[in-house]
>>> print(open('entry_19.cif').read())   # mmCIF, C-alpha atoms and all ligand atoms
data_work
#
loop_
_atom_site.group_PDB
_atom_site.id
_atom_site.type_symbol
_atom_site.label_atom_id
_atom_site.label_comp_id
_atom_site.auth_asym_id
_atom_site.auth_seq_id
_atom_site.Cartn_x
_atom_site.Cartn_y
_atom_site.Cartn_z
ATOM 1 C CA MET A 835 2.093 -4.077 6.298
ATOM 2 C CA SER A 836 2.772 -6.526 3.473
ATOM 3 C CA GLU A 837 6.442 -6.920 2.601
ATOM 4 C CA ARG A 838 5.918 -6.990 -1.141
ATOM 5 C CA VAL A 839 3.498 -4.916 -3.181
ATOM 6 C CA CYS A 840 1.915 -5.666 -6.540
ATOM 7 C CA LEU A 841 0.049 -3.293 -8.856
ATOM 8 C CA ILE A 842 -2.479 -5.058 -11.098
ATOM 9 C CA THR A 843 -4.049 -2.973 -13.835
ATOM 10 C CA GLY A 844 -7.657 -3.773 -14.753
ATOM 11 C CA ALA A 845 -8.302 -5.769 -11.584
ATOM 12 C CA SER A 846 -12.014 -5.045 -11.166
ATOM 13 C CA ARG A 847 -12.977 -8.353 -12.832
ATOM 14 C CA GLY A 848 -11.739 -11.342 -14.833
ATOM 15 C CA ILE A 849 -8.066 -12.296 -14.798
ATOM 16 C CA GLY A 850 -6.999 -9.119 -12.991
ATOM 17 C CA ALA A 851 -9.406 -9.716 -10.104
ATOM 18 C CA ALA A 852 -8.308 -13.363 -9.787
ATOM 19 C CA THR A 853 -4.670 -12.243 -9.826
ATOM 20 C CA ALA A 854 -5.304 -9.708 -7.064
ATOM 21 C CA ARG A 855 -6.901 -12.424 -4.923
ATOM 22 C CA GLU A 856 -4.098 -14.927 -5.631
ATOM 23 C CA LEU A 857 -1.259 -12.524 -4.890
ATOM 24 C CA ALA A 858 -2.984 -11.225 -1.757
ATOM 25 C CA ALA A 859 -3.369 -14.825 -0.558
ATOM 26 C CA ARG A 860 0.391 -15.204 -1.064
ATOM 27 C CA GLY A 861 1.052 -12.182 1.195
ATOM 28 C CA TYR A 862 1.412 -9.348 -1.310
ATOM 29 C CA GLY A 863 -0.230 -5.999 -0.750
ATOM 30 C CA VAL A 864 -2.283 -5.530 -3.892
ATOM 31 C CA VAL A 865 -3.297 -2.397 -5.773
ATOM 32 C CA VAL A 866 -6.621 -3.020 -7.504
ATOM 33 C CA ASN A 867 -6.687 -0.639 -10.463
ATOM 34 C CA HIS A 868 -9.798 0.022 -12.548
ATOM 35 C CA ARG A 869 -11.034 2.684 -14.927
ATOM 36 C CA ASP A 870 -14.842 2.759 -14.661
ATOM 37 C CA SER A 871 -15.993 -0.077 -12.388
ATOM 38 C CA ALA A 872 -15.490 1.403 -8.931
ATOM 39 C CA ASN A 873 -18.031 -0.854 -7.207
ATOM 40 C CA ALA A 874 -16.562 -4.009 -8.724
ATOM 41 C CA ALA A 875 -13.014 -2.951 -7.757
ATOM 42 C CA GLU A 876 -14.128 -2.171 -4.184
ATOM 43 C CA SER A 877 -15.751 -5.581 -3.956
ATOM 44 C CA VAL A 878 -12.506 -7.289 -5.100
ATOM 45 C CA ALA A 879 -10.630 -5.320 -2.423
ATOM 46 C CA ASP A 880 -13.263 -6.163 0.223
ATOM 47 C CA GLY A 881 -12.874 -9.846 -0.643
ATOM 48 C CA VAL A 882 -9.088 -9.592 -0.246
ATOM 49 C CA ARG A 883 -9.452 -7.891 3.143
ATOM 50 C CA ALA A 884 -12.081 -10.392 4.311
ATOM 51 C CA ALA A 885 -9.540 -13.147 3.550
ATOM 52 C CA GLY A 886 -6.929 -11.367 5.701
ATOM 53 C CA GLY A 887 -5.049 -9.569 2.912
ATOM 54 C CA GLU A 888 -4.300 -5.936 2.160
ATOM 55 C CA ALA A 889 -5.702 -4.079 -0.848
ATOM 56 C CA LEU A 890 -5.857 -0.532 -2.132
ATOM 57 C CA VAL A 891 -8.247 0.531 -4.914
ATOM 58 C CA VAL A 892 -6.917 3.169 -7.324
ATOM 59 C CA GLN A 893 -8.952 4.466 -10.262
ATOM 60 C CA ALA A 894 -6.800 5.363 -13.269
ATOM 61 C CA ASP A 895 -7.051 5.125 -17.045
ATOM 62 C CA VAL A 896 -3.780 3.366 -17.903
ATOM 63 C CA THR A 897 -3.618 5.045 -21.316
ATOM 64 C CA ASP A 898 -3.513 8.511 -19.694
ATOM 65 C CA PRO A 899 0.018 9.672 -18.729
ATOM 66 C CA ASP A 900 -1.118 11.843 -15.785
ATOM 67 C CA ALA A 901 -3.358 9.086 -14.467
ATOM 68 C CA VAL A 902 -0.531 6.522 -14.614
ATOM 69 C CA THR A 903 1.784 8.896 -12.733
ATOM 70 C CA ARG A 904 -0.932 9.369 -10.091
ATOM 71 C CA LEU A 905 -1.510 5.582 -9.921
ATOM 72 C CA VAL A 906 2.146 4.824 -9.210
ATOM 73 C CA ASP A 907 2.582 7.833 -6.870
ATOM 74 C CA THR A 908 -0.495 6.784 -4.871
ATOM 75 C CA THR A 909 0.873 3.249 -4.607
ATOM 76 C CA LEU A 910 4.267 4.470 -3.411
ATOM 77 C CA SER A 911 2.844 6.931 -0.903
ATOM 78 C CA HIS A 912 0.525 4.243 0.545
ATOM 79 C CA TRP A 913 2.891 1.276 0.615
ATOM 80 C CA GLY A 914 6.341 2.870 0.278
ATOM 81 C CA ARG A 915 7.359 0.404 -2.439
ATOM 82 C CA LEU A 916 6.232 -1.361 -5.591
ATOM 83 C CA ASP A 917 7.718 -4.772 -6.343
ATOM 84 C CA VAL A 918 5.537 -6.244 -9.072
ATOM 85 C CA LEU A 919 3.673 -4.773 -12.043
ATOM 86 C CA VAL A 920 0.989 -6.865 -13.729
ATOM 87 C CA HIS A 921 0.014 -5.188 -17.014
ATOM 88 C CA ASN A 922 -3.406 -6.716 -17.493
ATOM 89 C CA ALA A 923 -6.022 -4.070 -18.352
ATOM 90 C CA MET A 924 -7.871 -5.014 -21.491
ATOM 91 C CA ALA A 925 -8.091 -2.321 -24.172
ATOM 92 C CA PRO A 926 -11.183 -2.775 -26.352
ATOM 93 C CA PHE A 927 -10.744 -4.240 -29.825
ATOM 94 C CA PRO A 928 -12.924 -4.932 -32.865
ATOM 95 C CA VAL A 929 -13.615 -8.511 -33.939
ATOM 96 C CA THR A 930 -13.330 -8.335 -37.712
ATOM 97 C CA SER A 931 -11.547 -9.678 -40.766
ATOM 98 C CA PHE A 932 -8.563 -7.801 -42.205
ATOM 99 C CA ALA A 933 -10.770 -6.880 -45.205
ATOM 100 C CA ASP A 934 -13.158 -4.966 -42.937
ATOM 101 C CA LEU A 935 -10.547 -3.586 -40.535
ATOM 102 C CA SER A 936 -9.909 0.154 -40.798
ATOM 103 C CA TRP A 937 -6.520 1.640 -39.981
ATOM 104 C CA GLU A 938 -8.244 3.704 -37.272
ATOM 105 C CA GLN A 939 -9.422 0.488 -35.551
ATOM 106 C CA LEU A 940 -6.053 -1.259 -35.757
ATOM 107 C CA GLY A 941 -4.137 1.902 -34.872
ATOM 108 C CA ALA A 942 -6.359 2.537 -31.834
ATOM 109 C CA LYS A 943 -5.804 -0.987 -30.473
ATOM 110 C CA LEU A 944 -2.049 -0.806 -31.030
ATOM 111 C CA ASP A 945 -1.916 2.640 -29.446
ATOM 112 C CA GLN A 946 -3.908 1.709 -26.334
ATOM 113 C CA GLU A 947 -2.121 -1.591 -25.699
ATOM 114 C CA MET A 948 1.371 -0.211 -26.197
ATOM 115 C CA HIS A 949 0.771 3.207 -24.675
ATOM 116 C CA ALA A 950 -0.378 1.585 -21.425
ATOM 117 C CA ALA A 951 2.574 -0.844 -21.394
ATOM 118 C CA TYR A 952 5.013 1.977 -22.154
ATOM 119 C CA LEU A 953 3.620 4.382 -19.544
ATOM 120 C CA LEU A 954 3.403 1.821 -16.748
ATOM 121 C CA THR A 955 6.821 0.331 -17.404
ATOM 122 C CA HIS A 956 8.385 3.806 -17.422
ATOM 123 C CA ALA A 957 6.578 4.757 -14.225
ATOM 124 C CA VAL A 958 7.511 1.703 -12.126
ATOM 125 C CA LEU A 959 11.098 1.148 -13.267
ATOM 126 C CA PRO A 960 12.944 3.938 -11.377
ATOM 127 C CA GLY A 961 11.956 2.520 -7.953
ATOM 128 C CA MET A 962 12.766 -1.043 -9.034
ATOM 129 C CA ILE A 963 16.153 0.015 -10.405
ATOM 130 C CA ASP A 964 16.940 1.826 -7.124
ATOM 131 C CA ARG A 965 16.177 -1.351 -5.167
ATOM 132 C CA ARG A 966 17.795 -3.633 -7.780
ATOM 133 C CA ASP A 967 14.708 -5.848 -7.684
ATOM 134 C CA GLY A 968 11.418 -5.979 -9.552
ATOM 135 C CA ARG A 969 9.029 -8.115 -11.530
ATOM 136 C CA LEU A 970 7.258 -6.979 -14.700
ATOM 137 C CA ILE A 971 4.500 -9.303 -15.933
ATOM 138 C CA TYR A 972 2.447 -8.627 -19.066
ATOM 139 C CA LEU A 973 -0.769 -10.344 -20.172
ATOM 140 C CA SER A 974 -0.683 -11.395 -23.813
ATOM 141 C CA THR A 975 -2.572 -14.158 -25.643
ATOM 142 C CA GLY A 976 -1.879 -17.230 -27.771
ATOM 143 C CA LEU A 977 -3.533 -15.256 -30.589
ATOM 144 C CA SER A 978 -0.325 -13.227 -30.883
ATOM 145 C CA ARG A 979 1.296 -16.359 -32.309
ATOM 146 C CA ARG A 980 -1.542 -18.393 -33.797
ATOM 147 C CA PRO A 981 -4.168 -16.398 -35.743
ATOM 148 C CA ARG A 982 -7.908 -16.975 -35.331
ATOM 149 C CA ALA A 983 -10.489 -15.460 -37.676
ATOM 150 C CA GLY A 984 -11.603 -12.020 -36.560
ATOM 151 C CA MET A 985 -8.870 -11.528 -33.945
ATOM 152 C CA ILE A 986 -6.346 -9.614 -36.050
ATOM 153 C CA ALA A 987 -6.433 -6.368 -34.046
ATOM 154 C CA LEU A 988 -5.917 -8.137 -30.716
ATOM 155 C CA GLY A 989 -3.327 -10.582 -32.083
ATOM 156 C CA VAL A 990 -1.207 -7.898 -33.752
ATOM 157 C CA ALA A 991 -1.282 -5.572 -30.727
ATOM 158 C CA LYS A 992 -0.285 -8.408 -28.387
ATOM 159 C CA ALA A 993 2.503 -9.490 -30.769
ATOM 160 C CA ALA A 994 3.887 -5.958 -30.443
ATOM 161 C CA LEU A 995 3.623 -6.319 -26.664
ATOM 162 C CA ASP A 996 5.470 -9.683 -26.771
ATOM 163 C CA SER A 997 8.360 -8.055 -28.603
ATOM 164 C CA PHE A 998 8.355 -5.000 -26.311
ATOM 165 C CA VAL A 999 8.740 -7.295 -23.304
ATOM 166 C CA ARG A 1000 11.802 -9.022 -24.770
ATOM 167 C CA TYR A 1001 13.498 -5.646 -25.346
ATOM 168 C CA VAL A 1002 12.590 -4.418 -21.858
ATOM 169 C CA ALA A 1003 13.747 -7.707 -20.323
ATOM 170 C CA THR A 1004 17.133 -7.360 -22.002
ATOM 171 C CA GLU A 1005 17.596 -3.793 -20.829
ATOM 172 C CA VAL A 1006 16.500 -4.214 -17.197
ATOM 173 C CA ALA A 1007 18.132 -7.588 -16.512
ATOM 174 C CA PRO A 1008 21.413 -6.035 -15.260
ATOM 175 C CA HIS A 1009 19.335 -4.244 -12.592
ATOM 176 C CA GLY A 1010 17.978 -7.504 -11.179
ATOM 177 C CA ILE A 1011 14.541 -6.988 -12.747
ATOM 178 C CA THR A 1012 12.669 -9.636 -14.743
ATOM 179 C CA ALA A 1013 10.054 -9.090 -17.473
ATOM 180 C CA ASN A 1014 7.870 -11.951 -18.671
ATOM 181 C CA VAL A 1015 4.737 -12.554 -20.727
ATOM 182 C CA VAL A 1016 1.829 -14.731 -19.614
ATOM 183 C CA ALA A 1017 -0.234 -15.829 -22.610
ATOM 184 C CA PRO A 1018 -3.563 -17.542 -21.914
ATOM 185 C CA SER A 1019 -5.865 -19.158 -24.410
ATOM 186 C CA THR A 1020 -9.580 -18.252 -24.138
ATOM 187 C CA VAL A 1021 -10.480 -17.784 -20.473
ATOM 188 C CA GLU A 1022 -13.975 -18.555 -19.210
ATOM 189 C CA ASP A 1023 -15.758 -16.199 -16.796
ATOM 190 C CA THR A 1024 -14.293 -13.169 -18.567
ATOM 191 C CA ALA A 1025 -15.975 -10.625 -20.822
ATOM 192 C CA VAL A 1026 -14.204 -12.012 -23.913
ATOM 193 C CA GLY A 1027 -14.791 -15.664 -23.051
ATOM 194 C CA ASP A 1028 -18.461 -15.094 -22.255
ATOM 195 C CA ARG A 1029 -19.004 -13.200 -25.539
ATOM 196 C CA LEU A 1030 -18.034 -16.208 -27.677
ATOM 197 C CA PRO A 1031 -20.857 -18.316 -29.140
ATOM 198 C CA ASP A 1032 -21.412 -21.538 -27.121
ATOM 199 C CA GLU A 1033 -20.488 -23.615 -30.169
ATOM 200 C CA LEU A 1034 -17.067 -21.971 -30.518
ATOM 201 C CA ARG A 1035 -16.397 -22.215 -26.759
ATOM 202 C CA GLU A 1036 -17.173 -25.931 -26.873
ATOM 203 C CA GLN A 1037 -14.978 -26.393 -29.950
ATOM 204 C CA LEU A 1038 -12.057 -24.566 -28.310
ATOM 205 C CA ALA A 1039 -12.410 -26.722 -25.191
ATOM 206 C CA ALA A 1040 -12.576 -29.900 -27.299
ATOM 207 C CA ASP A 1041 -9.417 -28.834 -29.178
ATOM 208 C CA THR A 1042 -7.567 -28.374 -25.876
ATOM 209 C CA PRO A 1043 -5.658 -31.498 -24.764
ATOM 210 C CA MET A 1044 -6.634 -30.822 -21.132
ATOM 211 C CA GLY A 1045 -10.262 -30.725 -22.232
ATOM 212 C CA ARG A 1046 -11.442 -27.321 -21.008
ATOM 213 C CA LEU A 1047 -10.927 -23.597 -21.381
ATOM 214 C CA ALA A 1048 -8.592 -21.731 -19.051
ATOM 215 C CA ARG A 1049 -10.014 -20.228 -15.869
ATOM 216 C CA PRO A 1050 -8.990 -16.876 -14.387
ATOM 217 C CA GLU A 1051 -7.399 -18.740 -11.447
ATOM 218 C CA ASP A 1052 -5.167 -20.790 -13.807
ATOM 219 C CA VAL A 1053 -3.779 -17.561 -15.220
ATOM 220 C CA ALA A 1054 -3.475 -15.933 -11.794
ATOM 221 C CA ARG A 1055 -1.328 -18.794 -10.466
ATOM 222 C CA THR A 1056 1.077 -18.517 -13.408
ATOM 223 C CA VAL A 1057 1.324 -14.754 -12.915
ATOM 224 C CA ALA A 1058 2.001 -15.346 -9.212
ATOM 225 C CA SER A 1059 4.804 -17.778 -10.021
ATOM 226 C CA PHE A 1060 6.580 -15.042 -12.024
ATOM 227 C CA ALA A 1061 6.111 -12.599 -9.139
ATOM 228 C CA GLY A 1062 7.877 -14.865 -6.643
ATOM 229 C CA ASP A 1063 11.456 -15.881 -5.939
ATOM 230 C CA ASP A 1064 11.229 -19.230 -7.728
ATOM 231 C CA ALA A 1065 11.177 -17.496 -11.147
ATOM 232 C CA GLY A 1066 13.955 -15.057 -10.255
ATOM 233 C CA PHE A 1067 16.291 -16.218 -13.047
ATOM 234 C CA THR A 1068 13.587 -16.427 -15.725
ATOM 235 C CA THR A 1069 13.202 -13.374 -17.921
ATOM 236 C CA GLY A 1070 12.077 -12.555 -21.445
ATOM 237 C CA SER A 1071 9.927 -15.676 -21.447
ATOM 238 C CA TRP A 1072 6.488 -16.246 -22.982
ATOM 239 C CA ALA A 1073 4.460 -18.564 -20.789
ATOM 240 C CA PRO A 1074 1.376 -20.205 -22.302
ATOM 241 C CA VAL A 1075 -1.586 -20.983 -20.020
ATOM 242 C CA ASN A 1076 -3.657 -23.043 -22.413
ATOM 243 C CA GLY A 1077 -3.945 -26.692 -21.339
ATOM 244 C CA GLY A 1078 -1.782 -27.683 -24.307
ATOM 245 C CA ALA A 1079 -3.930 -25.942 -26.936
ATOM 246 C CA LEU A 1080 -0.884 -24.283 -28.485
ATOM 247 C CA MET A 1081 2.512 -25.986 -28.173
ATOM 248 C CA LEU A 1082 5.434 -24.011 -29.574
HETATM 249 N N1 LIG A 1101 -10.375 -13.285 -21.420
HETATM 250 C C1 LIG A 1101 -9.639 -14.022 -22.251
HETATM 251 O O1 LIG A 1101 -10.100 -15.003 -22.831
HETATM 252 C C2 LIG A 1101 -8.177 -13.671 -22.456
HETATM 253 C C3 LIG A 1101 -7.369 -14.553 -23.170
HETATM 254 C C4 LIG A 1101 -6.028 -14.244 -23.375
HETATM 255 C C5 LIG A 1101 -5.512 -13.063 -22.873
HETATM 256 N N2 LIG A 1101 -6.315 -12.207 -22.164
HETATM 257 C C6 LIG A 1101 -5.708 -10.965 -21.660
HETATM 258 O O2 LIG A 1101 -5.852 -10.914 -20.241
HETATM 259 C C7 LIG A 1101 -6.034 -9.549 -19.818
HETATM 260 C C8 LIG A 1101 -7.281 -9.443 -18.970
HETATM 261 O O3 LIG A 1101 -8.376 -9.888 -19.730
HETATM 262 P P1 LIG A 1101 -9.829 -10.090 -19.100
HETATM 263 O O4 LIG A 1101 -10.579 -10.902 -20.082
HETATM 264 O O5 LIG A 1101 -9.718 -10.557 -17.684
HETATM 265 O O6 LIG A 1101 -10.404 -8.586 -19.160
HETATM 266 P P2 LIG A 1101 -11.833 -8.040 -18.743
HETATM 267 O O7 LIG A 1101 -12.627 -9.064 -17.990
HETATM 268 O O8 LIG A 1101 -12.441 -7.423 -19.951
HETATM 269 O O9 LIG A 1101 -11.434 -6.895 -17.703
HETATM 270 C C9 LIG A 1101 -10.803 -5.791 -18.191
HETATM 271 C C10 LIG A 1101 -10.253 -4.973 -17.033
HETATM 272 O O10 LIG A 1101 -9.485 -3.930 -17.598
HETATM 273 C C11 LIG A 1101 -9.931 -2.699 -17.057
HETATM 274 N N3 LIG A 1101 -9.654 -1.653 -18.020
HETATM 275 C C12 LIG A 1101 -10.041 -1.576 -19.319
HETATM 276 N N4 LIG A 1101 -9.521 -0.466 -19.877
HETATM 277 C C13 LIG A 1101 -8.811 0.175 -18.904
HETATM 278 C C14 LIG A 1101 -8.043 1.347 -18.856
HETATM 279 N N5 LIG A 1101 -7.900 2.117 -19.931
HETATM 280 N N6 LIG A 1101 -7.454 1.700 -17.689
HETATM 281 C C15 LIG A 1101 -7.593 0.922 -16.590
HETATM 282 N N7 LIG A 1101 -8.295 -0.223 -16.574
HETATM 283 C C16 LIG A 1101 -8.908 -0.582 -17.720
HETATM 284 C C17 LIG A 1101 -11.398 -2.907 -16.731
HETATM 285 O O11 LIG A 1101 -11.785 -1.972 -15.742
HETATM 286 P P3 LIG A 1101 -13.145 -1.107 -15.859
HETATM 287 O O12 LIG A 1101 -14.290 -2.050 -15.926
HETATM 288 O O13 LIG A 1101 -13.159 -0.259 -14.633
HETATM 289 O O14 LIG A 1101 -13.024 -0.304 -17.131
HETATM 290 C C18 LIG A 1101 -11.360 -4.344 -16.197
HETATM 291 O O15 LIG A 1101 -10.939 -4.350 -14.853
HETATM 292 C C19 LIG A 1101 -6.083 -8.697 -21.088
HETATM 293 O O16 LIG A 1101 -4.819 -8.124 -21.309
HETATM 294 C C20 LIG A 1101 -6.410 -9.719 -22.177
HETATM 295 O O17 LIG A 1101 -5.949 -9.334 -23.443
HETATM 296 C C21 LIG A 1101 -7.639 -12.490 -21.948
#
>>> encode(input="entry_19.cif", output="structure tokens")
Amino acid sequence: MSERVCLITGASRGIGAATARELAARGYGVVVNHRDSANAAESVADGVRAAGGEALVVQADVTDPDAVTRLVDTTLSHWGRLDVLVHNAMAPFPVTSFADLSWEQLGAKLDQEMHAAYLLTHAVLPGMIDRRDGRLIYLSTGLSRRPRAGMIALGVAKAALDSFVRYVATEVAPHGITANVVAPSTVEDTAVGDRLPDELREQLAADTPMGRLARPEDVARTVASFAGDDAGFTTGSWAPVNGGALML
């Protein structure tokens, strides 16, 4: 059995799937969470096992309190521990100007993003506090700090998440637990990245000093660095993964 266990929400594709593969390759037992895409999640887990790792697939809607309780309970009964949470699942959001944005659309995005972060953080913390060790890692975006037309709902919800993480980090630090944000720019081979018009994708790559968009594996490696011992004294941080596209 793996010595350390990581729960990755929304790991059936994109950044979550890459993170599951990366952490499994580094020896973590990984929980591959999904909501609807059972076949895709099973295929991520099969890939992990074929590479010699350990994976458990757990279906759960991370905005549903009972489902989150079941997700964490299933993890603990299977592995006996939970060392790392990666809050990654992508809540849907409208792409629209502020002028055309209804309160219902903005409120729904804020609610889903923050409800999931709140529920998961509450659910995993008691075990981490007992063991005086734990890693909380949250996926945000550079759009929480630098606006782009149409991305107001996503940017505002992730800015709330960024602030939430700093408060959580402050509160859990005395228990030996870290909480950090990983903030990619546009990531290719993801639903969001693939939905962008070719022209915009090319422009974003050209505006990036390293000359390309991020890849899911770039993000996964940064997440993995926060999960490990090397980042043990880093907390409350906001780590860009953007090839220099946004320097703060
Ligand atoms: N892609 C980008 O360019 C980009 C850039 C910056 C930041 N990010 C952030 O990185 C994270 C991952 O993005 P991504 O592009 O890799 O996402 P994605 O490809 O759209 O995948 C979304 C994942 O979330 C799961 N999911 C959605 N709603 C869920 C729910 N309520 N409960 C459980 N799982 C749920 C999906 O599972 P099912 O299919 O089973 O529903 C899927 O596994 C997000 O937080 C996103 O904001 C992405």
>>> axis_aligned_box(input="entry_19.cif", around="ligand LIG 1101 (chain A)", padding_each_side="5 Å", output="lines of an AutoDock Vina configuration file")
center_x = -9.6
center_y = -6.4
center_z = -19.0
size_x = 19.5
size_y = 27.1
size_z = 18.8
>>> residues_around(input="entry_19.cif", residues="segment 1042-1059 of chain A", least_positions_apart="2", cutoff="8 Å", atoms="all atoms listed in the file", output="PDB file with C-alpha atoms, in the frame of the given file")
ATOM      1  CA  GLY A 848     -11.739 -11.342 -14.833  1.00  0.00           C
ATOM      2  CA  ILE A 849      -8.066 -12.296 -14.798  1.00  0.00           C
ATOM      3  CA  GLY A 850      -6.999  -9.119 -12.991  1.00  0.00           C
ATOM      4  CA  ALA A 852      -8.308 -13.363  -9.787  1.00  0.00           C
ATOM      5  CA  THR A 853      -4.670 -12.243  -9.826  1.00  0.00           C
ATOM      6  CA  GLU A 856      -4.098 -14.927  -5.631  1.00  0.00           C
ATOM      7  CA  LEU A 857      -1.259 -12.524  -4.890  1.00  0.00           C
ATOM      8  CA  VAL A 920       0.989  -6.865 -13.729  1.00  0.00           C
ATOM      9  CA  ILE A 971       4.500  -9.303 -15.933  1.00  0.00           C
ATOM     10  CA  VAL A1016       1.829 -14.731 -19.614  1.00  0.00           C
ATOM     11  CA  PRO A1018      -3.563 -17.542 -21.914  1.00  0.00           C
ATOM     12  CA  SER A1019      -5.865 -19.158 -24.410  1.00  0.00           C
ATOM     13  CA  THR A1020      -9.580 -18.252 -24.138  1.00  0.00           C
ATOM     14  CA  VAL A1021     -10.480 -17.784 -20.473  1.00  0.00           C
ATOM     15  CA  GLU A1022     -13.975 -18.555 -19.210  1.00  0.00           C
ATOM     16  CA  ASP A1023     -15.758 -16.199 -16.796  1.00  0.00           C
ATOM     17  CA  THR A1024     -14.293 -13.169 -18.567  1.00  0.00           C
ATOM     18  CA  ARG A1035     -16.397 -22.215 -26.759  1.00  0.00           C
ATOM     19  CA  LEU A1038     -12.057 -24.566 -28.310  1.00  0.00           C
ATOM     20  CA  ALA A1039     -12.410 -26.722 -25.191  1.00  0.00           C
ATOM     21  CA  ALA A1040     -12.576 -29.900 -27.299  1.00  0.00           C
ATOM     22  CA  ALA A1061       6.111 -12.599  -9.139  1.00  0.00           C
ATOM     23  CA  GLY A1062       7.877 -14.865  -6.643  1.00  0.00           C
ATOM     24  CA  ASP A1064      11.229 -19.230  -7.728  1.00  0.00           C
ATOM     25  CA  ALA A1065      11.177 -17.496 -11.147  1.00  0.00           C
ATOM     26  CA  VAL A1075      -1.586 -20.983 -20.020  1.00  0.00           C
ATOM     27  CA  ASN A1076      -3.657 -23.043 -22.413  1.00  0.00           C
ATOM     28  CA  GLY A1077      -3.945 -26.692 -21.339  1.00  0.00           C
ATOM     29  CA  GLY A1078      -1.782 -27.683 -24.307  1.00  0.00           C
ATOM     30  CA  ALA A1079      -3.930 -25.942 -26.936  1.00  0.00           C
TER      31      ALA A1079
END
>>> closest_residue(input="entry_19.cif", among="A:Met1081, A:Leu1030, A:Cys840, A:Ala1025", to="Thr909 of chain A", atoms="only C-alpha atoms")
A:Cys840
>>> atom_distance(input="entry_19.cif", atom1="atom CA of Gln946 of chain A", atom2="atom CA of Ala1073 of chain A")
22.6 Å
>>> closest_residue(input="entry_19.cif", among="A:Ser936, A:Leu916, A:Val866, A:Val892", to="Arg904 of chain A", atoms="all atoms listed in the file")
A:Val892
>>> residues_near_ligand(input="entry_19.cif", ligand="ligand LIG 1101 (chain A)", cutoff="7 Å", atoms="all atoms listed in the file", output="PyMOL selection string")
chain A and resi 843-850+867-872+894-897+922-925+973-976+1017-1022+1024-1027
>>> resolve_selection(input="entry_19.cif", expression="the PyMOL selection byres (((chain A and resi 990) around 12) and not hetatm)", output="PDB file with C-alpha atoms, keeping the file's coordinate frame")
ATOM      1  CA  PHE A 927     -10.744  -4.240 -29.825  1.00  0.00           C
ATOM      2  CA  PHE A 932      -8.563  -7.801 -42.205  1.00  0.00           C
ATOM      3  CA  GLN A 939      -9.422   0.488 -35.551  1.00  0.00           C
ATOM      4  CA  LEU A 940      -6.053  -1.259 -35.757  1.00  0.00           C
ATOM      5  CA  GLY A 941      -4.137   1.902 -34.872  1.00  0.00           C
ATOM      6  CA  ALA A 942      -6.359   2.537 -31.834  1.00  0.00           C
ATOM      7  CA  LYS A 943      -5.804  -0.987 -30.473  1.00  0.00           C
ATOM      8  CA  LEU A 944      -2.049  -0.806 -31.030  1.00  0.00           C
ATOM      9  CA  ASP A 945      -1.916   2.640 -29.446  1.00  0.00           C
ATOM     10  CA  GLU A 947      -2.121  -1.591 -25.699  1.00  0.00           C
ATOM     11  CA  MET A 948       1.371  -0.211 -26.197  1.00  0.00           C
ATOM     12  CA  SER A 974      -0.683 -11.395 -23.813  1.00  0.00           C
ATOM     13  CA  THR A 975      -2.572 -14.158 -25.643  1.00  0.00           C
ATOM     14  CA  GLY A 976      -1.879 -17.230 -27.771  1.00  0.00           C
ATOM     15  CA  LEU A 977      -3.533 -15.256 -30.589  1.00  0.00           C
ATOM     16  CA  SER A 978      -0.325 -13.227 -30.883  1.00  0.00           C
ATOM     17  CA  ARG A 979       1.296 -16.359 -32.309  1.00  0.00           C
ATOM     18  CA  ARG A 980      -1.542 -18.393 -33.797  1.00  0.00           C
ATOM     19  CA  PRO A 981      -4.168 -16.398 -35.743  1.00  0.00           C
ATOM     20  CA  ARG A 982      -7.908 -16.975 -35.331  1.00  0.00           C
ATOM     21  CA  GLY A 984     -11.603 -12.020 -36.560  1.00  0.00           C
ATOM     22  CA  MET A 985      -8.870 -11.528 -33.945  1.00  0.00           C
ATOM     23  CA  ILE A 986      -6.346  -9.614 -36.050  1.00  0.00           C
ATOM     24  CA  ALA A 987      -6.433  -6.368 -34.046  1.00  0.00           C
ATOM     25  CA  LEU A 988      -5.917  -8.137 -30.716  1.00  0.00           C
ATOM     26  CA  GLY A 989      -3.327 -10.582 -32.083  1.00  0.00           C
ATOM     27  CA  ALA A 991      -1.282  -5.572 -30.727  1.00  0.00           C
ATOM     28  CA  LYS A 992      -0.285  -8.408 -28.387  1.00  0.00           C
ATOM     29  CA  ALA A 993       2.503  -9.490 -30.769  1.00  0.00           C
ATOM     30  CA  ALA A 994       3.887  -5.958 -30.443  1.00  0.00           C
ATOM     31  CA  LEU A 995       3.623  -6.319 -26.664  1.00  0.00           C
ATOM     32  CA  ASP A 996       5.470  -9.683 -26.771  1.00  0.00           C
ATOM     33  CA  SER A 997       8.360  -8.055 -28.603  1.00  0.00           C
TER      34      SER A 997
END
>>> resolve_selection(input="entry_19.cif", expression="the PyMOL selection byres (((chain A and resi 1013) around 7) and not hetatm)", output="ChimeraX atom specification")
/A:969-971,999,1002-1003,1011-1012,1014,1069-1070
>>> closest_residue(input="entry_19.cif", among="A:Ala983, A:Val882, A:Leu841, A:Ala875", to="Val918 of chain A", atoms="all atoms listed in the file")
A:Leu841
>>> atom_distance(input="entry_19.cif", atom1="atom CA of Val864 of chain A", atom2="atom CA of Val958 of chain A")
14.7 Å
>>> atom_distance(input="entry_19.cif", atom1="atom CA of Arg915 of chain A", atom2="atom CA of Ala957 of chain A")
12.6 Å
>>> closest_residue(input="entry_19.cif", among="A:Ala889, A:Val906, A:Met835, A:Ala901", to="Thr955 of chain A", atoms="only C-alpha atoms")
A:Val906
>>> closest_residue(input="entry_19.cif", among="A:Arg860, A:His1009, A:Arg855, A:His912", to="Pro960 of chain A", atoms="all atoms listed in the file")
A:His1009
>>> closest_residue(input="entry_19.cif", among="A:Glu837, A:Val1015, A:Arg883, A:Ile842", to="Gly861 of chain A", atoms="only C-alpha atoms")
A:Glu837
